[in-house]
>>> print(open('work_19.tsv').read())   # TSV, C-alpha atoms
chain	number	residue	atom	x	y	z
A	1106	MET	CA	36.59	-157.21	-41.38
A	1107	ALA	CA	38.01	-153.72	-41.91
A	1108	PHE	CA	35.85	-151.27	-43.81
A	1109	GLU	CA	37.14	-148.16	-45.50
A	1110	VAL	CA	34.86	-145.19	-45.95
A	1111	TYR	CA	34.58	-143.88	-49.51
A	1112	LYS	CA	35.13	-140.15	-49.78
A	1113	PRO	CA	34.37	-138.71	-53.23
A	1114	ARG	CA	37.00	-136.48	-54.72
A	1115	PHE	CA	35.95	-132.88	-55.07
A	1116	GLU	CA	37.67	-130.61	-57.53
A	1117	LYS	CA	38.75	-127.64	-55.48
A	1118	GLU	CA	40.80	-126.00	-58.19
A	1119	ALA	CA	39.79	-124.81	-61.60
A	1120	THR	CA	40.89	-127.25	-64.32
A	1121	VAL	CA	40.64	-127.60	-68.07
A	1122	ALA	CA	41.03	-130.98	-69.75
A	1123	ILE	CA	42.59	-131.07	-73.21
A	1124	SER	CA	41.71	-134.02	-75.42
A	1125	LYS	CA	42.22	-134.71	-79.11
A	1126	ASN	CA	39.26	-132.57	-80.22
A	1127	HIS	CA	37.92	-130.71	-77.16
A	1128	LEU	CA	38.63	-128.43	-74.27
A	1129	THR	CA	36.55	-129.46	-71.26
A	1130	LEU	CA	35.93	-127.02	-68.41
A	1131	ASN	CA	35.14	-128.17	-64.89
A	1132	LYS	CA	32.04	-126.92	-63.08
A	1133	LYS	CA	33.91	-124.22	-61.19
A	1134	LEU	CA	34.97	-122.57	-64.46
A	1135	MET	CA	31.59	-123.09	-66.14
A	1136	ASP	CA	29.86	-121.16	-63.38
A	1137	LYS	CA	32.28	-118.24	-63.75
A	1138	LEU	CA	32.25	-118.05	-67.54
A	1139	ASN	CA	28.44	-118.21	-67.89
A	1140	THR	CA	28.15	-117.93	-71.69
A	1141	GLY	CA	27.14	-119.99	-74.71
A	1142	TYR	CA	29.92	-118.85	-77.04
A	1143	VAL	CA	33.65	-118.47	-76.46
A	1144	GLU	CA	36.74	-117.19	-78.24
A	1145	LEU	CA	40.05	-119.04	-78.08
A	1146	ALA	CA	43.50	-117.46	-78.34
A	1147	PHE	CA	46.99	-118.92	-78.00
A	1148	ASP	CA	50.32	-117.46	-76.90
A	1149	PRO	CA	53.05	-119.73	-78.34
A	1150	ASP	CA	55.83	-118.14	-76.24
A	1151	THR	CA	54.25	-119.06	-72.90
A	1152	ARG	CA	52.19	-122.02	-74.21
A	1153	THR	CA	49.02	-120.47	-72.78
A	1154	ILE	CA	45.46	-120.84	-74.06
A	1155	LYS	CA	43.03	-118.00	-73.37
A	1156	ILE	CA	39.32	-118.81	-73.24
A	1157	SER	CA	37.05	-115.78	-73.10
A	1158	ALA	CA	33.35	-115.16	-73.51
A	1159	SER	CA	32.32	-114.10	-77.00
A	1160	ASN	CA	29.93	-111.18	-77.17
A	1161	ASN	CA	28.28	-112.47	-80.34
A	1162	ASN	CA	27.36	-115.75	-82.00
A	1163	ASN	CA	30.57	-115.84	-84.07
A	1164	GLY	CA	32.52	-117.64	-81.36
A	1165	LEU	CA	32.85	-121.35	-80.75
A	1166	ILE	CA	29.88	-123.04	-79.13
A	1167	LEU	CA	30.26	-123.99	-75.49
A	1168	ASN	CA	28.15	-127.17	-75.38
A	1169	LYS	CA	27.48	-128.02	-71.73
A	1170	ASN	CA	31.12	-127.92	-70.62
A	1171	LYS	CA	32.93	-128.79	-73.88
A	1172	ILE	CA	34.43	-126.61	-76.59
A	1173	GLY	CA	35.03	-128.22	-79.98
A	1174	ALA	CA	38.59	-127.09	-80.67
A	1175	ARG	CA	40.01	-129.42	-83.34
A	1176	GLY	CA	40.65	-126.57	-85.81
A	1177	PHE	CA	42.24	-124.46	-83.06
A	1178	PHE	CA	44.57	-127.33	-82.09
A	1179	LYS	CA	45.58	-127.90	-85.72
A	1180	ARG	CA	46.14	-124.18	-86.40
A	1181	PHE	CA	48.52	-123.80	-83.46
A	1182	ASN	CA	49.97	-127.33	-83.60
A	1183	ILE	CA	48.81	-128.23	-80.07
A	1184	ASP	CA	49.06	-131.94	-79.35
A	1185	LYS	CA	49.13	-131.97	-75.55
A	1186	LYS	CA	46.50	-134.02	-73.74
A	1187	GLY	CA	45.62	-134.09	-70.06
A	1188	LYS	CA	44.12	-132.05	-67.26
A	1189	TYR	CA	45.70	-128.69	-66.50
A	1190	SER	CA	45.21	-126.05	-63.83
A	1191	ALA	CA	43.51	-122.90	-65.01
A	1192	VAL	CA	43.30	-119.35	-63.72
A	1193	TYR	CA	40.21	-117.17	-64.10
A	1194	HIS	CA	40.73	-113.40	-64.37
A	1195	ASP	CA	37.52	-111.69	-63.35
A	1196	ASN	CA	38.41	-108.27	-64.80
A	1197	GLU	CA	38.94	-109.81	-68.27
A	1198	LYS	CA	36.31	-112.54	-67.85
A	1199	ALA	CA	38.86	-114.97	-69.27
A	1200	ILE	CA	40.36	-118.34	-68.40
A	1201	TYR	CA	44.09	-118.94	-68.87
A	1202	VAL	CA	45.48	-122.48	-69.23
A	1203	ARG	CA	49.24	-122.99	-69.33
A	1204	PHE	CA	50.59	-126.37	-70.36
>>> encode(input="work_19.tsv", output="structure tokens")
Amino acid sequence: MAFEVYKPRFEKEATVAISKNHLTLNKKLMDKLNTGYVELAFDPDTRTIKISASNNNNGLILNKNKIGARGFFKRFNIDKKGKYSAVYHDNEKAIYVRF
């Protein structure tokens, strides 16, 4: 009998998953963002989403690692789904996701 050792997959890169209604941040990004509220922005020319910490309670709620973004997706006509690489800019305290 030949046994294969199971090695769990670790996420080494920062990723954001886009679903129908949510943006989901992986643990690496959650630790860097460290906030309860976020602001979302979109650049239609480069197809880039910017996620930044909101300094007040007027932003979208970051619930565990999910951001409810249905209205944002409808406003900017975003219908992509999947897991995308993200870049965190420390000086801006913002996450950029290009899809």
>>> atom_distance(input="work_19.tsv", atom1="CA of Tyr1189 in chain A", atom2="CA of Gly1164 in chain A")
22.7 Å
>>> residues_around(input="work_19.tsv", residues="range 1125-1133 of chain A", least_positions_apart="5", cutoff="7 Å", atoms="all atoms listed in the file", output="VMD selection string")
chain A and resid 1119 to 1120 1170 to 1175 1186
>>> closest_residue(input="work_19.tsv", among="A:Ile1123, A:Leu1134, A:Ile1154, A:Met1106", to="Asp1184 in chain A", atoms="all atoms listed in the file")
A:Ile1123
>>> residues_around(input="work_19.tsv", residues="Leu1145 in chain A", least_positions_apart="5", cutoff="7 Å", atoms="all atoms listed in the file", output="list in words")
Ile1154, Lys1155, Ile1156 and Ser1157 of chain A
>>> atom_distance(input="work_19.tsv", atom1="CA of Ala1146 in chain A", atom2="CA of Leu1165 in chain A")
11.6 Å
>>> closest_residue(input="work_19.tsv", among="A:Tyr1142, A:Phe1147, A:Phe1108, A:Tyr1201", to="Asn1182 in chain A", atoms="all atoms listed in the file")
A:Phe1147
>>> atom_distance(input="work_19.tsv", atom1="CA of Ile1166 in chain A", atom2="CA of Arg1180 in chain A")
17.8 Å
>>> closest_residue(input="work_19.tsv", among="A:Ile1183, A:Asp1136, A:Lys1112, A:Lys1188", to="Asp1148 in chain A", atoms="only C-alpha atoms")
A:Ile1183
>>> residues_around(input="work_19.tsv", residues="Thr1151 in chain A", least_positions_apart="5", cutoff="12 Å", atoms="only C-alpha atoms", output="PyMOL selection string")
chain A and resi 1201-1204
>>> closest_residue(input="work_19.tsv", among="A:Phe1181, A:Val1143, A:Gly1176, A:Asp1150", to="Asn1163 in chain A", atoms="all atoms listed in the file")
A:Val1143
>>> axis_aligned_box(input="work_19.tsv", around="range 1173-1191 of chain A", padding_each_side="4 Å", output="AutoDock Vina command-line options")
--center_x 42.5 --center_y -128.5 --center_z -75.1 --size_x 22.9 --size_y 19.2 --size_z 30.6
>>> residues_near_point(input="work_19.tsv", point="(39.9, -112.0, -65.0)", cutoff="12 Å", atoms="all atoms listed in the file", output="ChimeraX atom specification")
/A:1134,1137-1138,1155-1158,1191-1201
>>> closest_residue(input="work_19.tsv", among="A:Ala1107, A:Glu1144, A:Lys1117, A:Ala1122", to="Phe1177 in chain A", atoms="all atoms listed in the file")
A:Glu1144
